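File shown here: run_33.cif, holding mmCIF, C-alpha atoms.
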```
data_structure
#
loop_
_atom_site.label_atom_id
_atom_site.label_comp_id
_atom_site.auth_asym_id
_atom_site.auth_seq_id
_atom_site.Cartn_x
_atom_site.Cartn_y
_atom_site.Cartn_z
CA MET A 16 -22.88 -0.71 80.62
CA ILE A 17 -20.64 1.97 79.10
CA ALA A 18 -20.70 0.22 75.72
CA LYS A 19 -24.51 0.09 75.79
CA LEU A 20 -24.75 3.76 76.72
CA TYR A 21 -22.31 4.68 73.96
CA SER A 22 -24.33 2.66 71.43
CA LEU A 23 -27.53 4.34 72.59
CA LEU A 24 -26.22 7.90 72.46
CA PHE A 25 -24.12 7.71 69.29
CA TYR A 26 -25.85 5.01 67.20
CA ALA A 27 -29.40 4.93 68.61
CA ASN A 28 -28.91 1.25 69.52
CA THR A 29 -28.24 0.25 65.91
CA ASP A 30 -25.27 -1.54 64.42
CA PRO A 31 -22.66 1.06 63.26
CA VAL A 32 -22.64 -0.43 59.74
CA ASP A 33 -26.44 -0.28 59.52
CA PHE A 34 -26.32 3.23 60.96
CA LYS A 35 -23.94 4.33 58.21
CA ASN A 36 -25.94 2.63 55.45
CA CYS A 37 -29.12 4.55 56.26
CA GLN A 38 -27.51 8.00 56.48
CA LEU A 39 -28.34 9.02 52.91
CA ASP A 40 -32.03 8.25 53.46
CA ILE A 41 -31.95 10.21 56.70
CA GLN A 42 -30.31 13.17 54.97
CA ARG A 43 -33.07 13.19 52.35
CA SER A 44 -35.72 13.08 55.08
CA ASN A 45 -34.05 15.86 57.08
CA ARG A 46 -33.67 18.00 53.94
CA ARG A 47 -37.41 17.71 53.19
CA LYS A 48 -38.29 18.45 56.81
CA LEU A 49 -35.94 21.42 57.00
CA ASN A 50 -37.35 23.06 53.88
CA THR A 51 -40.92 22.37 55.01
CA TYR A 52 -40.47 23.73 58.53
CA LEU A 53 -38.50 26.73 57.32
CA SER A 54 -41.32 27.58 54.91
CA ILE A 55 -43.98 27.16 57.61
CA THR A 56 -41.95 29.19 60.11
CA CYS A 57 -41.38 31.98 57.59
CA GLY A 58 -45.10 32.13 56.90
CA PHE A 59 -45.97 32.16 60.60
CA LEU A 60 -43.42 34.86 61.44
CA ALA A 61 -44.56 36.98 58.49
CA VAL A 62 -48.14 36.84 59.78
CA MET A 63 -47.04 37.68 63.33
CA LEU A 64 -44.95 40.58 62.02
CA VAL A 65 -47.94 42.02 60.16
CA LEU A 66 -50.22 41.55 63.17
CA SER A 67 -47.67 43.27 65.41
CA PHE A 68 -48.39 46.54 63.62
CA PHE A 69 -52.06 46.32 64.67
CA SER A 70 -51.70 44.92 68.18
CA LYS A 71 -50.01 46.69 71.07
CA THR A 72 -49.38 43.33 72.75
CA LEU A 73 -47.47 41.99 69.75
CA GLN A 74 -45.89 45.29 68.73
CA ARG A 75 -43.12 45.05 71.31
CA ASN A 76 -42.03 41.76 69.70
CA ASN A 77 -41.88 42.97 66.08
CA ILE A 78 -38.08 43.30 66.07
CA ALA A 79 -37.73 39.71 67.30
CA TYR A 80 -40.17 38.49 64.63
CA LEU A 81 -38.27 40.43 61.95
CA ILE A 82 -34.87 39.03 62.95
CA ALA A 83 -36.19 35.46 63.19
CA LEU A 84 -37.92 35.84 59.82
CA GLY A 85 -34.68 37.08 58.22
CA VAL A 86 -32.72 34.15 59.67
CA CYS A 87 -35.25 31.56 58.49
CA MET A 88 -35.53 33.08 55.02
CA GLY A 89 -31.75 33.12 54.74
CA LEU A 90 -31.55 29.47 55.75
CA LEU A 91 -34.25 28.56 53.23
CA VAL A 92 -32.37 30.30 50.40
CA LEU A 93 -29.09 28.64 51.40
CA SER A 94 -30.77 25.25 51.63
CA GLU A 95 -31.87 25.52 48.01
CA ALA A 96 -28.73 27.17 46.64
CA VAL A 97 -25.73 25.56 48.34
CA PRO A 98 -24.56 22.12 47.12
CA ASP A 99 -24.13 19.65 49.98
CA LYS A 100 -22.14 16.60 48.96
CA ASN A 101 -21.70 14.94 52.36
CA GLY A 102 -24.58 16.37 54.40
CA MET A 103 -22.35 18.56 56.62
CA PHE A 104 -23.99 21.82 55.56
CA LEU A 105 -27.43 20.30 56.18
CA THR A 106 -26.39 19.44 59.74
CA TRP A 107 -25.31 23.02 60.45
CA GLU A 108 -28.53 24.35 58.91
CA MET A 109 -30.56 22.15 61.26
CA TYR A 110 -28.53 23.42 64.22
CA ALA A 111 -29.07 27.01 63.05
CA PHE A 112 -32.82 26.52 62.70
CA GLU A 113 -33.10 24.98 66.17
CA ALA A 114 -30.93 27.75 67.62
CA ALA A 115 -33.16 30.41 66.03
CA VAL A 116 -36.30 28.81 67.48
CA PHE A 117 -34.79 28.40 70.95
CA ALA A 118 -33.44 31.97 70.90
CA LEU A 119 -36.87 33.30 69.95
CA GLY A 120 -38.43 31.27 72.76
CA ILE A 121 -35.94 32.63 75.30
CA TYR A 122 -36.49 36.21 74.13
CA LEU A 123 -40.29 35.99 74.18
CA GLY A 124 -40.50 33.96 77.39
CA VAL A 125 -37.81 35.65 79.44
CA VAL A 126 -36.86 39.11 78.18
CA ARG A 127 -40.36 40.22 77.15
CA ASN A 128 -42.37 38.38 79.83
CA GLN A 129 -40.43 38.83 83.04
CA ASN A 130 -43.34 38.24 85.38
CA GLN A 131 -44.90 35.13 83.77
CA PRO A 132 -43.72 31.56 83.17
CA ALA A 133 -41.85 31.07 79.87
CA THR A 134 -44.32 28.73 78.23
CA SER A 135 -43.01 29.33 74.71
CA PHE A 136 -39.48 28.15 75.47
CA VAL A 137 -40.66 25.12 77.44
CA THR A 138 -42.86 24.12 74.49
CA PHE A 139 -39.95 24.50 72.07
CA LEU A 140 -37.71 22.58 74.46
CA VAL A 141 -39.91 19.50 74.15
CA ALA A 142 -40.99 19.81 70.52
CA VAL A 143 -37.90 20.98 68.60
CA PRO A 144 -35.68 17.92 69.30
CA LEU A 145 -38.36 15.71 67.75
CA VAL A 146 -38.27 17.53 64.39
CA PHE A 147 -35.03 16.24 62.86
CA ILE A 148 -33.37 12.84 62.90
CA MET A 149 -29.98 13.06 64.60
CA ARG A 150 -27.83 11.01 66.91
CA PRO A 151 -29.42 11.15 70.41
CA ILE A 152 -26.26 12.77 71.80
CA GLN A 153 -26.68 15.66 69.35
CA HIS A 154 -30.21 16.39 70.52
CA ILE A 155 -29.19 16.05 74.18
CA ALA A 156 -26.29 18.47 73.68
CA ASN A 157 -28.62 20.99 72.02
CA VAL A 158 -31.22 20.72 74.78
CA VAL A 159 -28.63 21.04 77.56
CA LEU A 160 -26.92 24.02 75.91
CA PHE A 161 -30.06 26.09 75.36
CA ASP A 162 -31.61 25.00 78.64
CA ILE A 163 -28.54 26.35 80.44
CA VAL A 164 -28.79 29.61 78.49
CA PHE A 165 -32.49 29.80 79.38
CA LEU A 166 -31.86 29.21 83.10
CA ILE A 167 -29.11 31.85 83.16
CA CYS A 168 -31.32 34.41 81.40
CA THR A 169 -34.25 33.57 83.67
CA ASN A 170 -32.25 34.28 86.80
CA LEU A 171 -30.85 37.48 85.26
CA PHE A 172 -34.06 39.05 83.97
CA LYS A 173 -36.92 37.67 86.06
CA GLY A 174 -38.10 38.19 89.58
CA ALA A 175 -37.57 35.57 92.24
CA ASP A 176 -40.98 33.87 91.95
CA ALA A 177 -41.05 33.73 88.15
CA ALA A 178 -37.39 32.66 88.03
CA ALA A 179 -38.02 29.84 90.50
CA MET A 180 -40.95 28.54 88.44
CA ASP A 181 -39.01 28.73 85.17
CA THR A 182 -36.00 27.02 86.76
CA ILE A 183 -38.16 24.11 87.87
CA ASN A 184 -39.97 23.90 84.50
CA GLY A 185 -36.75 24.25 82.51
CA SER A 186 -35.01 21.53 84.52
CA ILE A 187 -37.92 19.07 84.45
CA PHE A 188 -38.83 19.54 80.81
CA GLY A 189 -35.17 19.59 79.80
CA VAL A 190 -34.69 16.11 81.27
CA LEU A 191 -38.02 15.02 79.76
CA SER A 192 -36.94 16.34 76.34
CA CYS A 193 -33.66 14.38 76.49
CA ILE A 194 -35.50 11.18 77.35
CA MET A 195 -38.25 11.66 74.76
CA SER A 196 -35.92 12.64 71.94
CA THR A 197 -33.65 9.66 72.64
CA TYR A 198 -36.58 7.25 72.57
CA VAL A 199 -37.96 8.79 69.37
CA MET A 200 -34.54 8.70 67.69
CA VAL A 201 -34.10 5.02 68.57
CA THR A 202 -37.49 4.25 67.03
CA MET A 203 -36.88 6.34 63.91
CA TYR A 204 -33.38 4.96 63.30
CA ASP A 205 -34.72 1.44 63.69
CA ASN A 206 -37.32 2.18 61.01
CA PHE A 207 -34.71 3.61 58.66
CA VAL A 208 -32.39 0.62 59.19
CA VAL A 209 -35.21 -1.78 58.30
CA ARG A 210 -36.07 0.29 55.21
CA SER A 211 -32.39 0.43 54.24
CA LYS A 212 -32.05 -3.36 54.42
CA LEU A 213 -35.19 -3.88 52.37
CA ARG A 214 -33.94 -1.36 49.82
CA GLN A 215 -30.58 -3.13 49.59
CA VAL A 216 -32.41 -6.30 48.58
CA ALA A 217 -34.60 -4.41 46.10
CA GLU A 218 -31.87 -2.20 44.65
CA ASN A 219 -28.98 -4.62 44.11
CA ASP A 220 -28.41 -6.64 40.97
CA LEU A 221 -28.09 -10.28 41.98
CA SER A 222 -25.80 -11.19 39.09
CA THR A 223 -23.13 -8.48 39.37
CA GLY A 224 -23.69 -7.13 42.90
CA LEU A 225 -24.02 -3.60 41.55
CA LEU A 226 -26.87 -1.21 42.23
CA ASN A 227 -29.71 -1.91 39.80
CA ARG A 228 -32.19 0.12 37.76
CA ASN A 229 -34.44 0.70 40.76
CA ALA A 230 -31.56 2.25 42.69
CA TYR A 231 -30.61 4.35 39.69
CA GLU A 232 -34.12 5.78 39.31
CA GLU A 233 -34.25 6.50 43.03
CA LYS A 234 -30.89 8.28 43.31
CA VAL A 235 -30.17 9.88 39.93
CA ARG A 236 -31.97 13.15 40.85
CA ASP A 237 -29.71 13.63 43.86
CA TYR A 238 -26.48 13.92 41.87
CA PRO A 239 -26.80 17.58 40.78
CA VAL A 240 -27.13 18.74 44.40
CA ARG A 241 -24.30 16.53 45.62
CA CYS A 242 -21.61 18.14 43.46
CA SER A 243 -19.78 21.43 44.01
CA ASN A 244 -17.82 21.73 40.76
CA THR A 245 -18.65 19.14 38.11
CA LEU A 246 -20.67 16.01 37.50
CA SER A 247 -19.63 13.40 34.94
CA CYS A 248 -21.69 10.53 33.57
CA VAL A 249 -20.05 7.40 32.16
CA TYR A 250 -22.39 5.26 30.03
CA VAL A 251 -21.15 1.72 29.28
CA ASP A 252 -22.47 -0.98 26.97
CA VAL A 253 -20.84 -4.41 26.72
CA ASN A 254 -19.69 -5.38 23.23
CA ASN A 255 -20.36 -8.84 21.78
CA LEU A 256 -22.47 -10.08 24.70
CA HIS A 257 -25.10 -11.71 22.49
CA GLU A 258 -22.46 -13.36 20.38
CA LEU A 259 -20.78 -14.73 23.50
CA ASN A 260 -24.08 -16.05 24.85
CA ASN A 261 -24.80 -17.77 21.53
CA THR A 262 -21.37 -19.36 21.14
CA GLN A 263 -20.31 -20.16 24.73
CA GLY A 264 -23.55 -20.06 26.69
CA HIS A 265 -25.13 -17.68 29.16
CA ALA A 266 -22.71 -18.65 31.95
CA ALA A 267 -19.89 -17.13 29.89
CA GLY A 268 -22.01 -14.01 29.32
CA ASP A 269 -22.66 -13.73 33.05
CA ARG A 270 -18.93 -13.94 33.76
CA MET A 271 -18.36 -11.16 31.24
CA LEU A 272 -20.97 -8.94 32.90
CA LYS A 273 -19.44 -9.56 36.34
CA VAL A 274 -15.97 -8.60 35.09
CA VAL A 275 -17.31 -5.40 33.51
CA GLY A 276 -19.41 -4.50 36.56
CA ARG A 277 -16.66 -5.11 39.10
CA SER A 278 -14.09 -3.25 36.99
CA LEU A 279 -16.41 -0.24 36.69
CA GLN A 280 -17.20 -0.36 40.39
CA ALA A 281 -13.50 -0.57 41.30
CA VAL A 282 -12.85 2.73 39.50
CA PHE A 283 -16.00 4.75 40.25
CA GLY A 284 -17.11 3.30 43.59
CA ALA A 285 -19.92 1.02 44.71
CA SER A 286 -22.35 3.84 45.54
CA ASP A 287 -22.13 5.52 42.11
CA THR A 288 -22.12 2.51 39.76
CA TYR A 289 -25.29 0.94 38.35
CA ARG A 290 -26.34 -1.86 36.05
CA ILE A 291 -29.38 -0.34 34.39
CA GLY A 292 -30.08 -3.00 31.75
CA GLY A 293 -28.98 -6.36 30.44
CA ASP A 294 -25.63 -5.13 29.11
CA GLU A 295 -25.75 -1.44 30.08
CA PHE A 296 -24.02 0.24 33.00
CA ILE A 297 -23.83 3.82 34.27
CA ALA A 298 -21.34 5.42 36.64
CA PHE A 299 -21.09 8.97 37.99
CA ALA A 300 -17.98 10.92 39.00
CA ILE A 301 -18.59 13.85 41.35
CA ASP A 302 -16.29 16.89 41.30
CA GLU A 303 -13.64 15.18 39.19
CA PRO A 304 -12.02 17.19 36.36
CA ALA A 305 -12.91 15.99 32.87
CA THR A 306 -9.30 15.01 32.23
CA GLU A 307 -9.27 12.88 35.38
CA VAL A 308 -12.55 11.22 34.39
CA ARG A 309 -11.11 10.26 31.01
CA GLN A 310 -8.13 8.74 32.81
CA MET A 311 -10.49 6.81 35.09
CA VAL A 312 -12.35 5.52 32.04
CA LYS A 313 -9.06 4.37 30.52
CA HIS A 314 -8.21 2.44 33.70
CA PHE A 315 -11.61 0.79 33.48
CA THR A 316 -11.39 -0.14 29.78
CA ASP A 317 -7.83 -1.42 30.22
CA ALA A 318 -8.94 -3.64 33.10
CA VAL A 319 -11.77 -5.06 30.97
CA GLU A 320 -9.55 -5.64 27.96
CA THR A 321 -6.97 -7.53 30.02
CA GLN A 322 -9.75 -10.03 30.72
CA GLY A 323 -10.39 -10.44 27.00
CA TYR A 324 -13.58 -8.37 26.83
CA SER A 325 -14.63 -5.12 25.13
CA VAL A 326 -16.95 -2.27 26.07
CA ALA A 327 -18.35 0.84 24.41
CA VAL A 328 -18.12 3.96 26.56
CA GLY A 329 -19.66 7.42 26.37
CA VAL A 330 -18.62 10.22 28.74
CA THR A 331 -19.91 13.72 29.35
CA THR A 332 -19.31 16.37 32.02
CA GLN A 333 -21.34 19.38 33.14
CA SER A 334 -20.53 22.17 35.58
CA ALA A 335 -22.38 22.51 38.87
CA GLY A 336 -25.19 25.03 39.04
CA GLY A 337 -26.67 24.29 35.65
CA ILE A 338 -26.77 20.50 35.49
CA ASP A 339 -29.59 18.89 33.51
CA ILE A 340 -29.29 15.29 34.65
CA ASP A 341 -31.48 13.94 31.84
CA ALA A 342 -29.40 15.71 29.20
CA LEU A 343 -26.18 14.63 30.89
CA VAL A 344 -27.14 10.95 30.72
CA LYS A 345 -28.58 11.27 27.20
CA ILE A 346 -25.41 12.79 25.79
CA ALA A 347 -23.27 10.10 27.43
CA GLU A 348 -25.57 7.44 25.95
CA GLN A 349 -25.33 8.94 22.47
CA ARG A 350 -21.54 9.01 22.68
CA MET A 351 -21.57 5.41 23.81
CA TYR A 352 -23.52 4.42 20.67
CA VAL A 353 -20.97 6.24 18.53
CA ASP A 354 -18.20 4.28 20.22
CA LYS A 355 -20.16 1.06 19.79
CA ASN A 356 -20.69 1.68 16.07
CA ASN A 357 -17.00 2.38 15.67
CA HIS A 358 -16.23 -0.93 17.39
CA TYR A 359 -18.43 -2.98 15.05
CA GLN A 360 -17.23 -1.10 11.99
CA HIS A 361 -13.67 -1.96 13.00
CA LEU A 362 -14.65 -5.60 13.35
CA GLU A 363 -16.17 -5.59 9.87
CA ARG A 364 -13.02 -4.10 8.34
CA THR A 365 -10.76 -6.65 10.02
CA ARG A 366 -12.75 -9.70 8.95
#
```

Could you show the structure in this file as structure tokens?
Amino acid sequence: MIAKLYSLLFYANTDPVDFKNCQLDIQRSNRRKLNTYLSITCGFLAVMLVLSFFSKTLQRNNIAYLIALGVCMGLLVLSEAVPDKNGMFLTWEMYAFEAAVFALGIYLGVVRNQNQPATSFVTFLVAVPLVFIMRPIQHIANVVLFDIVFLICTNLFKGADAAAMDTINGSIFGVLSCIMSTYVMVTMYDNFVVRSKLRQVAENDLSTGLLNRNAYEEKVRDYPVRCSNTLSCVYVDVNNLHELNNTQGHAAGDRMLKVVGRSLQAVFGASDTYRIGGDEFIAFAIDEPATEVRQMVKHFTDAVETQGYSVAVGVTTQSAGGIDIDALVKIAEQRMYVDKNNHYQHLERTR
């Protein structure tokens, strides 16, 4: 029973490995949602702030609208400007957005309307936990925390009748929100796990086990926002593959590709290494100094050469904040061709 409850609250009833594998997709989804909802909220608050200057009913709330607008605009700017390699900053931004919405609901429903039920907060209590995809325990903790704050404020600022009604509503809808958000998270995580498994089949190269061209096209645009300092691209082309296929057969060529792919993956990691063509590979190094990347490339080429094979490699590095991913890859590719030409020119001279 405890194990099932733990799995439900922390992994939304999914396998921990599957849960981990779908996190990057969930981060992308949450990032899009956060930017969208922040933009909508900023627009709504701006309109309410303008209307507050023409309506006596809304005028008493203009300071609250102004503060909430400033918070949301600040979060929107930070969301676009701050690199987020592991998704931690995104998580805190989501917490901050939810906190701002709940705080506005408490202020409008309790402090400014002391004689009426706090309908705004109760609405937020049910709706906000359904916005982002998080572990169920995270949503439950958020709901419980702000529900407690709401109940305390209600009993401090409101009369007995209004406080009693808000206490009942806050308690009932708080429990309802925990149940609903948990059910929705289980459903959404299940969908992401299924999509992740289908993507693994579609995005993995059957021959080498590396991520394939589809995965590369899907993920390459994420690299500039994942780095804090530098991003390096390593472009690899296998030398003499066609000659090997012609003289020893395609099985020998496949073995060569597997050796190159696994050696590259061993140095740069499974999640940042791709086979993008028949004999072409790309790897990315995030926040590694250029000198360290060159050393990593040497480890890779040495490992390949010990197996009796040869590769052409092109490397380039750009600093975070001004990364042009297309130019980064293009320069690395051009340098690879220079290295490849040098290899064949050396072969011609030694014959």

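Pairwise distance (atom CA of A:Val249, atom CA of A:Thr331) equals 6.9 Å.
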
Determine the residue membership of the PyMOL selection byres ((chain A and resi 128) around 12) for the file above and supply it as an mmCIF file with C-alpha atoms, keeping the file's coordinate frame.
```
data_model
loop_
_atom_site.group_PDB
_atom_site.id
_atom_site.type_symbol
_atom_site.label_atom_id
_atom_site.label_comp_id
_atom_site.auth_asym_id
_atom_site.auth_seq_id
_atom_site.Cartn_x
_atom_site.Cartn_y
_atom_site.Cartn_z
ATOM 1 C CA THR A 72 -49.380 43.330 72.750
ATOM 2 C CA LEU A 73 -47.470 41.990 69.750
ATOM 3 C CA ARG A 75 -43.120 45.050 71.310
ATOM 4 C CA ASN A 76 -42.030 41.760 69.700
ATOM 5 C CA GLY A 120 -38.430 31.270 72.760
ATOM 6 C CA ILE A 121 -35.940 32.630 75.300
ATOM 7 C CA TYR A 122 -36.490 36.210 74.130
ATOM 8 C CA LEU A 123 -40.290 35.990 74.180
ATOM 9 C CA GLY A 124 -40.500 33.960 77.390
ATOM 10 C CA VAL A 125 -37.810 35.650 79.440
ATOM 11 C CA VAL A 126 -36.860 39.110 78.180
ATOM 12 C CA ARG A 127 -40.360 40.220 77.150
ATOM 13 C CA GLN A 129 -40.430 38.830 83.040
ATOM 14 C CA ASN A 130 -43.340 38.240 85.380
ATOM 15 C CA GLN A 131 -44.900 35.130 83.770
ATOM 16 C CA PRO A 132 -43.720 31.560 83.170
ATOM 17 C CA ALA A 133 -41.850 31.070 79.870
ATOM 18 C CA THR A 134 -44.320 28.730 78.230
ATOM 19 C CA SER A 135 -43.010 29.330 74.710
ATOM 20 C CA PHE A 136 -39.480 28.150 75.470
ATOM 21 C CA CYS A 168 -31.320 34.410 81.400
ATOM 22 C CA THR A 169 -34.250 33.570 83.670
ATOM 23 C CA PHE A 172 -34.060 39.050 83.970
ATOM 24 C CA LYS A 173 -36.920 37.670 86.060
ATOM 25 C CA GLY A 174 -38.100 38.190 89.580
ATOM 26 C CA ALA A 177 -41.050 33.730 88.150
ATOM 27 C CA ALA A 178 -37.390 32.660 88.030
ATOM 28 C CA ASP A 181 -39.010 28.730 85.170
#
```

Check your understanding: Near stretch 324-329 of chain A, counting all atoms listed in the file, which residues have an atom at most 10 Å away, once you skip same-chain residues fewer than 3 positions from it, shown as a ChimeraX atom specification?
Key -> /A:248-256,271-272,274-275,294-297,312-313,315-321,344-358

Could you write out the selected residues, including C-alpha atoms, as a PDB file, in the frame of the given file?
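Saved as part_9.pdb:
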```pdb
ATOM      1  CA  CYS A 248     -21.690  10.530  33.570  1.00  0.00           C
ATOM      2  CA  VAL A 249     -20.050   7.400  32.160  1.00  0.00           C
ATOM      3  CA  TYR A 250     -22.390   5.260  30.030  1.00  0.00           C
ATOM      4  CA  VAL A 251     -21.150   1.720  29.280  1.00  0.00           C
ATOM      5  CA  ASP A 252     -22.470  -0.980  26.970  1.00  0.00           C
ATOM      6  CA  VAL A 253     -20.840  -4.410  26.720  1.00  0.00           C
ATOM      7  CA  ASN A 254     -19.690  -5.380  23.230  1.00  0.00           C
ATOM      8  CA  ASN A 255     -20.360  -8.840  21.780  1.00  0.00           C
ATOM      9  CA  LEU A 256     -22.470 -10.080  24.700  1.00  0.00           C
ATOM     10  CA  MET A 271     -18.360 -11.160  31.240  1.00  0.00           C
ATOM     11  CA  LEU A 272     -20.970  -8.940  32.900  1.00  0.00           C
ATOM     12  CA  VAL A 274     -15.970  -8.600  35.090  1.00  0.00           C
ATOM     13  CA  VAL A 275     -17.310  -5.400  33.510  1.00  0.00           C
ATOM     14  CA  ASP A 294     -25.630  -5.130  29.110  1.00  0.00           C
ATOM     15  CA  GLU A 295     -25.750  -1.440  30.080  1.00  0.00           C
ATOM     16  CA  PHE A 296     -24.020   0.240  33.000  1.00  0.00           C
ATOM     17  CA  ILE A 297     -23.830   3.820  34.270  1.00  0.00           C
ATOM     18  CA  VAL A 312     -12.350   5.520  32.040  1.00  0.00           C
ATOM     19  CA  LYS A 313      -9.060   4.370  30.520  1.00  0.00           C
ATOM     20  CA  PHE A 315     -11.610   0.790  33.480  1.00  0.00           C
ATOM     21  CA  THR A 316     -11.390  -0.140  29.780  1.00  0.00           C
ATOM     22  CA  ASP A 317      -7.830  -1.420  30.220  1.00  0.00           C
ATOM     23  CA  ALA A 318      -8.940  -3.640  33.100  1.00  0.00           C
ATOM     24  CA  VAL A 319     -11.770  -5.060  30.970  1.00  0.00           C
ATOM     25  CA  GLU A 320      -9.550  -5.640  27.960  1.00  0.00           C
ATOM     26  CA  THR A 321      -6.970  -7.530  30.020  1.00  0.00           C
ATOM     27  CA  VAL A 344     -27.140  10.950  30.720  1.00  0.00           C
ATOM     28  CA  LYS A 345     -28.580  11.270  27.200  1.00  0.00           C
ATOM     29  CA  ILE A 346     -25.410  12.790  25.790  1.00  0.00           C
ATOM     30  CA  ALA A 347     -23.270  10.100  27.430  1.00  0.00           C
ATOM     31  CA  GLU A 348     -25.570   7.440  25.950  1.00  0.00           C
ATOM     32  CA  GLN A 349     -25.330   8.940  22.470  1.00  0.00           C
ATOM     33  CA  ARG A 350     -21.540   9.010  22.680  1.00  0.00           C
ATOM     34  CA  MET A 351     -21.570   5.410  23.810  1.00  0.00           C
ATOM     35  CA  TYR A 352     -23.520   4.420  20.670  1.00  0.00           C
ATOM     36  CA  VAL A 353     -20.970   6.240  18.530  1.00  0.00           C
ATOM     37  CA  ASP A 354     -18.200   4.280  20.220  1.00  0.00           C
ATOM     38  CA  LYS A 355     -20.160   1.060  19.790  1.00  0.00           C
ATOM     39  CA  ASN A 356     -20.690   1.680  16.070  1.00  0.00           C
ATOM     40  CA  ASN A 357     -17.000   2.380  15.670  1.00  0.00           C
ATOM     41  CA  HIS A 358     -16.230  -0.930  17.390  1.00  0.00           C
TER      42      HIS A 358
END
```

Per residue of stretch 176-293 of chain A within 6 Å of stretch 92-100 of chain A, which atom pair is closest and at what distance in Å (one decimal), using all atoms listed in the file, listed by chain and increasing number, as JSON lines?
```
{"residue": "A:Val240", "atom": "CA", "partner": "A:Pro98", "partner_atom": "CA", "distance": 5.0}
{"residue": "A:Arg241", "atom": "CA", "partner": "A:Lys100", "partner_atom": "CA", "distance": 4.0}
{"residue": "A:Cys242", "atom": "CA", "partner": "A:Lys100", "partner_atom": "CA", "distance": 5.7}
{"residue": "A:Ser243", "atom": "CA", "partner": "A:Pro98", "partner_atom": "CA", "distance": 5.7}
```

Check your understanding: atom CA of A:Val65 and atom CA of A:Leu91 are how many Å apart?
Key ->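 Taking atom CA of A:Val65 as the start and atom CA of A:Leu91 as the end point, the length is 20.4 Å.
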
Check your understanding: If you apply the PyMOL selection byres ((chain A and resi 190-201) around 9) to this file, what residues do you get, as number ranges by chain?
Key -> A: 23-24, 26-29, 140-142, 144-145, 147-152, 154-156, 158-159, 185-189, 202-206

Exercise for review: Determine the residue membership of the PyMOL selection byres ((chain A and resi 333) around 9) for the file above and supply it as a list in words.
Suggested key: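 On this input, the PyMOL selection byres ((chain A and resi 333) around 9) captures Asn244, Thr245, Leu246, Ser247, Cys248, Thr331, Thr332, Ser334, Ala335, Gly337, Ile338, Asp339 and Leu343 of chain A.
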
Revision key, fill the gap. Correct to one decimal, the distance atom CA of A:Val235-atom CA of A:Ala281 is 19.7 Å

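Proximity to A:Val308 was assessed for A:Leu160, A:Phe283, A:Gly292, A:Gly58 counting all atoms listed in the file; the smallest distance is recorded for A:Phe283.
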